[in-house]
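Asks: Once you've had a glance at the structure underneath, I'll fire off some questions.
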Amino acid sequence: MAAPSRTSWKGFLKLSLISVPVKAFTANDTSGEVHLNQLHKGCNSRVKYHKVCPEHGELKSEDIVSGYEHQKDSYVVVDPDELDKLRTKTDRAVSIDGFIPATAIDGLYFAGKAHYLLPDGVAGARPYALLRDGMVQNEVVAIAQVVMAGREQLVMLRPHGRMLVMTALHYPQRVRKAAEFEGEVEDIKFKPEEIALTNTLIGASKIAEFDLGSYSDQYVTKLKRLIELKVAGQEIVQAPDHEEPKILNLMDALKKSVVQAQARLAGAPADAGTPASAAADAGADADKKLAPSAGRKKGPRKVEGG
């Protein structure tokens, strides 16, 4: 299959004295998004935005430059050509600083932008593949820096099949530290039966074969459906809510959740009106996990129903 014709970036992948010509294609597909326009509430006319100078009126794009306010109402103009003079030829390269374990970077630092990085031409194919395979065998990812969209970015390179994927990272200075918020979370001690039931619930809720492709953007789906109904002139009817029965305390919620999760695991329909016996059995299973029966004297558990 031929690669997409439009590249996001071209340059070199550099590691020490090795330089590999590469090209990048964005991995983020926004083609399925629905874009809404702003309209005047009274007549539904499209709202237009004009760039206006208080002294000279409306401006054209070529009349606008970028500037930095270094003191009140005083600006220094920043010309892109001047900024380019501060850059070297290495700015056209993904410069690898080194390699780290794949688990060394917390997902909190992922910026959400990813690119497929492919070799650009026959000459780069061999060193590209050698580097990729070396990363796979050593179970590492690469940390690098690159200039894209006019600014320097910190990125992580990782193998993905026969390719390398380049993921943008936030600089640590741009991520708020967890210590700012940890004081808002109370340090709570749990009862052994609460821990046992939670572990049982997690075990029953594990996904054996996870398929990310089974998930879709339901907001976009519902928005498209709404637009279709509005275009067709149909009335929008509120979707019914399926109200769950109120659960009075955490233990009741855990027991009920365990029963429903185990029913899903077994392929049986989870009954919203599960009898008390099922919850009691779940509690009994948790009790058995807490300690061996020896040395504990327990009376018979009362069970209602079959």
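Identifiers for the structure tokens are assigned positionally: chains receive A, B, ... in sequence, residues are indexed from 1 per chain, and ligands are indexed from 1 in the order shown.
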Where does range 124-223 of chain A meet range 8-21 of chain A within 8 Å, residue by residue, with the nearest atom pair and distance in Å to one decimal for each, counting only C-alpha atoms, listed by chain and rising number, as a tab-separated table?
Replies:
```
residue	atom	partner	partner_atom	distance
A:Gly124	CA	A:Val20	CA	5.1
A:Pro127	CA	A:Val20	CA	6.7
A:Tyr128	CA	A:Val20	CA	6.5
A:Met148	CA	A:Trp9	CA	7.3
```
Asks: Would you write out those residues with N, CA and C atoms, as a PDB file, in the first residue's frame?
Replies:
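So the final result, stored in out02.pdb, reads:
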```pdb
ATOM      1  N   GLY A 124      17.860   5.451   3.351  1.00  0.00           N
ATOM      2  CA  GLY A 124      17.590   5.447   4.788  1.00  0.00           C
ATOM      3  C   GLY A 124      16.940   4.183   5.302  1.00  0.00           C
ATOM      4  N   PRO A 127      19.499   1.694   7.785  1.00  0.00           N
ATOM      5  CA  PRO A 127      19.774   2.193   9.140  1.00  0.00           C
ATOM      6  C   PRO A 127      18.504   2.414   9.954  1.00  0.00           C
ATOM      7  N   TYR A 128      17.420   2.802   9.289  1.00  0.00           N
ATOM      8  CA  TYR A 128      16.130   2.973   9.973  1.00  0.00           C
ATOM      9  C   TYR A 128      15.683   1.650  10.587  1.00  0.00           C
ATOM     10  N   MET A 148       9.252  21.422  15.087  1.00  0.00           N
ATOM     11  CA  MET A 148       8.085  21.228  14.217  1.00  0.00           C
ATOM     12  C   MET A 148       7.109  22.361  14.470  1.00  0.00           C
TER      13      MET A 148
END
```
Asks: Might you pull out every residue within 10 Å of range 224-231 of chain A, with only C-alpha atoms counted and same-chain residues fewer than 5 positions away left off, and present them as a list in words?
Replies: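 My list of contacting residues is Glu33, Val34, Gln218, Tyr219 and Ile236 of chain A.
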Asks: Using only C-alpha atoms, determine which residues lie at most 9 Å from Gly98 in chain A, disregarding the query and same-chain residues fewer than 3 positions distant; provide the list as a ChimeraX atom specification.
Replies: /A:15,141-144
Asks: Store the residues picked out above in a file with C-alpha atoms, as a compact mmCIF listing (two decimals), in the first residue's frame.
Replies:
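Wrote it out as part_11.txt, contents follow:
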```
# COMPACT_ATOMS: atom_id res chain seq x y z
CA LEU A 15 21.85 9.29 16.60
CA VAL A 141 12.23 3.97 23.58
CA ALA A 142 14.20 7.01 22.47
CA ILE A 143 14.02 10.55 23.81
CA ALA A 144 14.66 13.22 21.19
```
Asks: Got a sec: who's within 7 Å of Val47 in chain A, counting only C-alpha atoms, leaving out chain neighbours fewer than 6 positions off, as a ChimeraX atom specification?
Replies: /A:38-40
Asks: What lies within 9 Å of Met163 in chain A using only C-alpha atoms, ignoring chain neighbours under 4 positions off, as number ranges by chain?
Replies: A: 116-119, 128-129, 132, 158-159
Asks: Next, the residues of the selection above should be written as a PDB file, in the first residue's frame with N, CA and C atoms.
Replies:
```
ATOM      1  N   TYR A 116       3.670   9.130  12.489  1.00  0.00           N
ATOM      2  CA  TYR A 116       4.391   7.973  11.975  1.00  0.00           C
ATOM      3  C   TYR A 116       5.654   8.499  11.315  1.00  0.00           C
ATOM      4  N   LEU A 117       6.792   7.943  11.704  1.00  0.00           N
ATOM      5  CA  LEU A 117       8.076   8.368  11.157  1.00  0.00           C
ATOM      6  C   LEU A 117       8.584   7.273  10.231  1.00  0.00           C
ATOM      7  N   LEU A 118       8.717   7.579   8.945  1.00  0.00           N
ATOM      8  CA  LEU A 118       9.095   6.596   7.933  1.00  0.00           C
ATOM      9  C   LEU A 118      10.417   6.984   7.277  1.00  0.00           C
ATOM     10  N   PRO A 119      11.173   6.012   6.786  1.00  0.00           N
ATOM     11  CA  PRO A 119      12.398   6.348   6.058  1.00  0.00           C
ATOM     12  C   PRO A 119      12.054   7.076   4.761  1.00  0.00           C
ATOM     13  N   TYR A 128      17.420   2.802   9.289  1.00  0.00           N
ATOM     14  CA  TYR A 128      16.130   2.973   9.973  1.00  0.00           C
ATOM     15  C   TYR A 128      15.683   1.650  10.587  1.00  0.00           C
ATOM     16  N   ALA A 129      15.681   0.579   9.787  1.00  0.00           N
ATOM     17  CA  ALA A 129      15.242  -0.728  10.262  1.00  0.00           C
ATOM     18  C   ALA A 129      16.165  -1.264  11.343  1.00  0.00           C
ATOM     19  N   ARG A 132      15.295   0.572  14.560  1.00  0.00           N
ATOM     20  CA  ARG A 132      13.999   0.089  15.053  1.00  0.00           C
ATOM     21  C   ARG A 132      14.129  -1.284  15.711  1.00  0.00           C
ATOM     22  N   ARG A 158       9.129   5.327  19.531  1.00  0.00           N
ATOM     23  CA  ARG A 158       8.957   3.929  19.937  1.00  0.00           C
ATOM     24  C   ARG A 158       8.636   3.082  18.711  1.00  0.00           C
ATOM     25  N   PRO A 159       9.055   1.822  18.730  1.00  0.00           N
ATOM     26  CA  PRO A 159       8.744   0.933  17.608  1.00  0.00           C
ATOM     27  C   PRO A 159       7.248   0.620  17.575  1.00  0.00           C
TER      28      PRO A 159
END
```
Asks: Might you pull out every residue within 9 Å of range 170-174 of chain A, with only C-alpha atoms counted and same-chain residues fewer than 3 positions away left off, and present them as number ranges by chain?
Replies: A: 108-111, 153-155, 177
Asks: Please extract the residues of range 135-188 of chain A with a backbone DSSP assignment of strand (DSSP E or B) and present them as a ChimeraX atom specification.
Replies: /A:140-148,151-160,163-169
Asks: Using N, CA and C atoms, can you export the residues from the last selection as a compact mmCIF listing (two decimals), in the first residue's frame?
Replies:
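Result saved to part-v1.txt:
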```
# COMPACT_ATOMS: atom_id res chain seq x y z
N VAL A 140 13.47 -0.64 24.63
CA VAL A 140 13.66 0.75 25.00
C VAL A 140 12.91 1.66 24.03
N VAL A 141 12.72 2.90 24.45
CA VAL A 141 12.23 3.97 23.58
C VAL A 141 13.29 5.06 23.57
N ALA A 142 13.20 5.94 22.60
CA ALA A 142 14.20 7.01 22.47
C ALA A 142 13.60 8.35 22.86
N ILE A 143 14.40 9.17 23.51
CA ILE A 143 14.02 10.55 23.81
C ILE A 143 14.76 11.46 22.85
N ALA A 144 14.04 12.37 22.20
CA ALA A 144 14.66 13.22 21.19
C ALA A 144 14.02 14.61 21.23
N GLN A 145 14.64 15.53 20.49
CA GLN A 145 14.09 16.88 20.33
C GLN A 145 14.06 17.21 18.85
N VAL A 146 13.02 17.94 18.46
CA VAL A 146 12.84 18.28 17.06
C VAL A 146 12.10 19.61 16.97
N VAL A 147 12.34 20.35 15.91
CA VAL A 147 11.60 21.59 15.65
C VAL A 147 10.50 21.28 14.65
N MET A 148 9.25 21.42 15.09
CA MET A 148 8.09 21.23 14.22
C MET A 148 7.11 22.36 14.47
N ARG A 151 8.42 25.44 16.41
CA ARG A 151 8.90 25.46 17.79
C ARG A 151 9.54 24.13 18.15
N GLU A 152 10.45 24.19 19.11
CA GLU A 152 11.14 22.98 19.54
C GLU A 152 10.22 22.12 20.39
N GLN A 153 10.24 20.82 20.11
CA GLN A 153 9.38 19.89 20.84
C GLN A 153 10.21 18.73 21.38
N LEU A 154 9.82 18.28 22.55
CA LEU A 154 10.39 17.08 23.14
C LEU A 154 9.53 15.92 22.69
N VAL A 155 10.13 14.84 22.19
CA VAL A 155 9.37 13.72 21.65
C VAL A 155 9.92 12.39 22.15
N MET A 156 9.07 11.38 22.07
CA MET A 156 9.47 10.01 22.37
C MET A 156 9.30 9.18 21.10
N LEU A 157 10.29 8.39 20.75
CA LEU A 157 10.22 7.50 19.60
C LEU A 157 10.09 6.07 20.10
N ARG A 158 9.13 5.33 19.53
CA ARG A 158 8.96 3.93 19.94
C ARG A 158 8.64 3.08 18.71
N PRO A 159 9.05 1.82 18.73
CA PRO A 159 8.74 0.93 17.61
C PRO A 159 7.25 0.62 17.57
N HIS A 160 6.73 0.53 16.36
CA HIS A 160 5.32 0.16 16.17
C HIS A 160 5.24 -0.66 14.89
N MET A 163 7.40 0.26 11.81
CA MET A 163 7.63 1.70 11.79
C MET A 163 8.09 2.21 13.16
N LEU A 164 8.40 3.48 13.18
CA LEU A 164 8.64 4.21 14.41
C LEU A 164 7.52 5.24 14.57
N VAL A 165 7.04 5.39 15.78
CA VAL A 165 6.03 6.40 16.08
C VAL A 165 6.67 7.47 16.95
N MET A 166 6.45 8.72 16.58
CA MET A 166 6.99 9.85 17.33
C MET A 166 5.85 10.55 18.07
N THR A 167 5.93 10.54 19.40
CA THR A 167 4.88 11.11 20.24
C THR A 167 5.41 12.35 20.93
N ALA A 168 4.69 13.46 20.80
CA ALA A 168 5.09 14.72 21.45
C ALA A 168 4.89 14.61 22.96
N LEU A 169 5.82 15.19 23.70
CA LEU A 169 5.76 15.19 25.16
C LEU A 169 5.68 16.62 25.67
```
Asks: So how many Å separate CA of Ala149 in chain A and CA of Asp120 in chain A, to one decimal?
Replies: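 That distance, rounded to one decimal, is 19.6 Å.
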